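Reproduced below: final27.pdb, with PDB, C-alpha atoms.
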```pdb
ATOM      1  CA  LEU A 268      -7.418 202.159  94.598
ATOM      2  CA  PRO A 269      -9.735 200.849  91.913
ATOM      3  CA  ASN A 270     -12.274 198.236  92.947
ATOM      4  CA  THR A 271     -13.505 197.172  89.506
ATOM      5  CA  TRP A 272     -12.021 196.632  86.067
ATOM      6  CA  GLU A 273     -14.059 199.591  84.862
ATOM      7  CA  GLU A 274     -12.340 201.787  87.459
ATOM      8  CA  VAL A 275      -8.925 200.473  86.364
ATOM      9  CA  MET A 276      -9.761 201.424  82.774
ATOM     10  CA  GLU A 277     -11.048 204.869  83.785
ATOM     11  CA  LEU A 278      -7.874 205.616  85.729
ATOM     12  CA  ALA A 279      -5.627 204.326  82.942
ATOM     13  CA  VAL A 280      -7.409 206.467  80.353
ATOM     14  CA  PHE A 281      -7.391 209.516  82.661
ATOM     15  CA  PHE A 282      -3.662 209.384  83.470
ATOM     16  CA  HIS A 283      -2.392 208.255  80.056
ATOM     17  CA  GLY A 284      -0.450 210.944  78.245
ATOM     18  CA  LYS A 285       0.052 213.156  81.295
ATOM     19  CA  ASP A 286       3.347 214.107  82.966
ATOM     20  CA  LEU A 287       3.150 211.745  85.951
ATOM     21  CA  ASN A 288       6.719 212.091  87.173
ATOM     22  CA  GLU A 289       6.857 215.874  86.736
ATOM     23  CA  ASP A 290       9.882 215.769  84.454
ATOM     24  CA  GLY A 291       8.340 218.331  82.117
ATOM     25  CA  GLU A 292       7.466 215.781  79.450
ATOM     26  CA  GLU A 293       3.923 214.639  78.812
ATOM     27  CA  GLY A 294       3.328 211.168  77.426
ATOM     28  CA  ASP A 295       3.515 208.992  80.494
ATOM     29  CA  TYR A 296       1.344 205.908  80.813
ATOM     30  CA  GLY A 297      -1.943 205.132  82.484
ATOM     31  CA  PHE A 298      -1.170 201.418  82.769
ATOM     32  CA  CYS A 299       2.111 199.529  82.683
ATOM     33  CA  HIS A 300       1.826 195.869  81.864
ATOM     34  CA  PHE A 301       4.702 193.672  82.743
ATOM     35  CA  PRO A 302       5.686 191.116  80.100
ATOM     36  CA  ARG A 303       8.941 189.268  80.399
ATOM     37  CA  LEU A 304      11.863 190.233  78.160
ATOM     38  CA  GLY A 305      11.104 189.197  74.585
ATOM     39  CA  ALA A 306       7.401 188.652  75.208
ATOM     40  CA  GLY A 307       4.940 189.314  72.438
ATOM     41  CA  TYR A 308       1.243 190.155  72.524
ATOM     42  CA  TRP A 309       0.270 186.580  73.371
ATOM     43  CA  ASP A 310       3.013 185.506  75.696
ATOM     44  CA  TRP A 311       1.903 183.042  78.388
ATOM     45  CA  TRP A 312       0.430 185.610  80.740
ATOM     46  CA  TRP A 313      -1.764 187.643  78.355
ATOM     47  CA  PRO A 314      -4.317 184.865  77.897
ATOM     48  CA  GLU A 315      -4.199 184.341  81.655
ATOM     49  CA  ALA A 316      -4.946 188.038  82.225
ATOM     50  CA  VAL A 317      -7.883 187.922  79.810
ATOM     51  CA  TYR A 318      -9.429 184.773  81.216
ATOM     52  CA  SER A 319      -8.941 185.822  84.829
ATOM     53  CA  THR A 320     -10.743 189.080  84.029
ATOM     54  CA  TRP A 321     -13.404 187.176  82.082
ATOM     55  CA  ALA A 322     -13.978 184.938  85.118
ATOM     56  CA  THR A 323     -14.971 187.938  87.234
ATOM     57  CA  PHE A 324     -17.934 188.482  84.906
ATOM     58  CA  ASP A 325     -18.932 184.951  83.933
ATOM     59  CA  GLN A 326     -18.144 182.662  86.847
ATOM     60  CA  THR A 327     -20.049 184.293  89.661
ATOM     61  CA  GLN A 328     -21.753 181.162  91.058
ATOM     62  CA  GLY A 329     -18.652 179.040  91.648
ATOM     63  CA  ILE A 330     -17.051 176.287  89.617
ATOM     64  CA  GLY A 331     -20.274 174.313  89.155
ATOM     65  CA  GLU A 332     -21.573 176.650  86.456
ATOM     66  CA  GLY A 333     -18.755 176.012  84.002
ATOM     67  CA  PHE A 334     -16.325 178.544  82.658
ATOM     68  CA  PHE A 335     -14.604 177.805  79.354
ATOM     69  CA  PHE A 336     -17.499 175.581  78.330
ATOM     70  CA  ASP A 337     -21.190 175.486  79.177
ATOM     71  CA  SER A 338     -21.468 172.747  81.802
ATOM     72  CA  GLU A 339     -24.488 171.141  80.138
ATOM     73  CA  THR A 340     -23.867 171.553  76.398
ATOM     74  CA  MET A 341     -20.051 171.804  76.394
ATOM     75  CA  GLU A 342     -20.366 174.719  73.975
ATOM     76  CA  PRO A 343     -17.506 177.219  74.262
ATOM     77  CA  ARG A 344     -18.484 180.307  76.252
ATOM     78  CA  THR A 345     -16.177 182.683  74.349
ATOM     79  CA  SER A 346     -19.012 184.285  72.412
ATOM     80  CA  GLY A 347     -20.780 185.608  75.501
ATOM     81  CA  PRO A 348     -20.806 189.149  76.870
ATOM     82  CA  GLY A 349     -18.363 188.378  79.712
ATOM     83  CA  PHE A 350     -15.580 187.292  77.355
ATOM     84  CA  LYS A 351     -16.189 190.265  75.077
ATOM     85  CA  LYS A 352     -16.085 192.638  78.057
ATOM     86  CA  ALA A 353     -12.801 191.157  79.292
ATOM     87  CA  ALA A 354     -11.272 191.422  75.809
ATOM     88  CA  GLU A 355     -12.359 195.065  75.555
ATOM     89  CA  ILE A 356     -10.860 195.840  78.966
ATOM     90  CA  TRP A 357      -7.479 194.457  77.944
ATOM     91  CA  LYS A 358      -7.661 196.175  74.574
ATOM     92  CA  THR A 359      -8.217 199.500  76.370
ATOM     93  CA  LEU A 360      -5.460 198.841  78.898
ATOM     94  CA  TRP A 361      -3.028 197.868  76.136
ATOM     95  CA  GLN A 362      -3.847 201.085  74.230
ATOM     96  CA  HIS A 363      -3.229 203.215  77.334
ATOM     97  CA  GLY A 364      -0.134 201.474  78.562
ATOM     98  CA  ALA A 365       3.446 200.475  78.008
ATOM     99  CA  ASP A 366       5.974 197.884  79.084
ATOM    100  CA  GLY A 367       6.909 198.121  82.719
ATOM    101  CA  CYS A 368       9.052 195.124  83.604
ATOM    102  CA  ILE A 369      11.533 195.341  80.746
ATOM    103  CA  THR A 370      11.906 199.145  80.814
ATOM    104  CA  ASP A 371      12.473 201.769  83.477
ATOM    105  CA  ASN A 372       8.944 203.193  83.001
ATOM    106  CA  PHE A 373       7.738 202.054  86.397
ATOM    107  CA  ILE A 374      10.737 202.962  88.540
ATOM    108  CA  THR A 375      11.003 206.403  86.922
ATOM    109  CA  GLY A 376       7.395 207.242  87.785
ATOM    110  CA  ARG A 377       5.974 207.055  84.268
ATOM    111  CA  CYS A 378       3.194 204.575  85.152
ATOM    112  CA  ALA A 379      -0.024 205.394  86.997
ATOM    113  CA  ILE A 380      -0.930 201.709  87.437
ATOM    114  CA  GLY A 381       1.325 198.673  87.344
ATOM    115  CA  PHE A 382       0.134 195.121  86.644
ATOM    116  CA  SER A 383       2.451 192.162  86.903
ATOM    117  CA  PRO A 384       2.614 188.395  86.706
ATOM    118  CA  PRO A 385       4.854 186.755  89.320
ATOM    119  CA  GLY A 386       8.510 187.681  89.181
ATOM    120  CA  CYS A 387       8.490 191.030  87.451
ATOM    121  CA  TRP A 388       8.233 193.250  90.522
ATOM    122  CA  LYS A 389      11.546 192.011  91.860
ATOM    123  CA  GLY A 390      13.245 192.406  88.505
ATOM    124  CA  ILE A 391      12.314 196.035  87.958
ATOM    125  CA  PHE A 392      14.116 197.087  91.120
ATOM    126  CA  LEU A 393      17.362 195.360  90.124
ATOM    127  CA  ASN A 394      19.927 196.463  87.589
ATOM    128  CA  LEU A 395      21.478 194.052  85.076
ATOM    129  CA  ASP A 396      23.992 192.876  87.713
ATOM    130  CA  GLY A 397      21.223 191.997  90.183
ATOM    131  CA  VAL A 398      21.924 195.005  92.401
ATOM    132  CA  HIS A 399      19.111 197.124  93.867
ATOM    133  CA  ARG A 400      18.587 200.319  91.889
ATOM    134  CA  LYS A 401      19.011 203.572  93.776
TER     135      LYS A 401
END
```
Now, as a test, write the supplied structure out as structure tokens.
Amino acid sequence: LPNTWEEVMELAVFFHGKDLNEDGEEGDYGFCHFPRLGAGYWDWWWPEAVYSTWATFDQTQGIGEGFFFDSETMEPRTSGPGFKKAAEIWKTLWQHGADGCITDNFITGRCAIGFSPPGCWKGIFLNLDGVHRK
């Protein structure tokens, strides 16, 4: 299992485009992101994914150091290296991934890594009638 965001990216890039489920067709995905049905690029959870990743780089001393804003100047911290790194991570993951929750990509073995906000894991194992997929 990956321990860092860099390792997640490396694995996603490595596995992307390969035949992960051995169905004879290359083009499977290194990373499956799980938006809800009808979600766009900036649905509610994408900003949450970016800022939670950003926090792992920029908020290493606890909440007293500030996060969105510098705690002393109240200047936005979005121009710093931590935010840029988090944005690059998600750009890479998006480029080496596909939908997982609203497709059968995950349950058919086409995803090396799955990432989900709450609720999607249950949904991918159910059919449209709410019955467990076999």
**Prompt:** Given the choices A:Cys378, A:Cys387, A:Lys352, A:Tyr296, which gets closest to Val280 of chain A if the distance is worked out from all atoms listed in the file?
**Reply:** A:Tyr296
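When all atoms listed in the file are used to compute distances to Leu287 of chain A, the closest of the residues A:Gly381, A:Phe350, A:Thr375, A:Thr370 turns out to be A:Thr375.
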**Among listed residues A:Glu293, A:Gly331, A:Trp272, A:Trp321, nearest Thr345 of chain A (using all atoms listed in the file)** =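 Among the listed residues, A:Trp321 lies closest to Thr345 of chain A.
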**Message:** I need the residue nearest Phe301 of chain A from this list: A:Pro269, A:Gly367, A:Pro314, A:Gly376. Use only C-alpha atoms for the distance.
**Reply:**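 Among the listed residues, the smallest separation from Phe301 of chain A belongs to A:Gly367.
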**Request:** Could you list the residues chosen by the PyMOL selection byres ((chain A and resi 353) around 12) in this structure as a PyMOL selection string?
**Result:** chain A and resi 271-273+276+313-325+345-352+354-360
**Asked** Could you work out how far atom CA of Gly294 of chain A lies from atom CA of Glu274 of chain A, giving the answer in Å with one decimal?
**Response**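 Straight-line distance from atom CA of Glu274 of chain A to atom CA of Gly294 of chain A works out to 20.8 Å.
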**Request:** Figure out the distance between atom CA of Asp371 of chain A and atom CA of Gly284 of chain A, please, to one decimal in Å.
**Result:**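 Interatomic distance here is 16.7 Å.
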**Prompt:** Any idea what's packed within 8 Å of His283 of chain A, counting only C-alpha atoms, ignoring anything in its chain fewer than 5 positions away? Could you give it as a VMD selection string?
**Reply:** chain A and resid 294 to 298 363 to 364 379
Could you give me the axis-aligned bounding box of segment 281-287 of chain A, with 3 Å of padding per side, as centre plus edge lengths in Å to one decimal, as AutoDock Vina command-line options?
```
--center_x -2.0 --center_y 211.2 --center_z 82.1 --size_x 16.7 --size_y 11.9 --size_z 13.7
```
**Message:** Could you tell me how far atom CA of Pro343 of chain A sits from atom CA of Gln326 of chain A, in Å to one decimal place?
**Reply:**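 Taking atom CA of Gln326 of chain A and atom CA of Pro343 of chain A, their separation equals 13.7 Å.
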**Request:** Measuring atom to atom with all atoms listed in the file, identify which of A:His300, A:Leu268, A:Lys285, A:Thr327 is nearest to Gln362 of chain A.
**Result:**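 Between A:His300, A:Leu268, A:Lys285, A:Thr327, the residue approaching Gln362 of chain A most closely is A:His300.
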**Asked** Between A:Phe382, A:Met341, A:Ala279, A:Gly329, which has the minimum distance to Cys368 of chain A (counting all atoms listed in the file)?
**Response**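 Looking only at the distances to Cys368 of chain A, the closest residue turns out to be A:Phe382.
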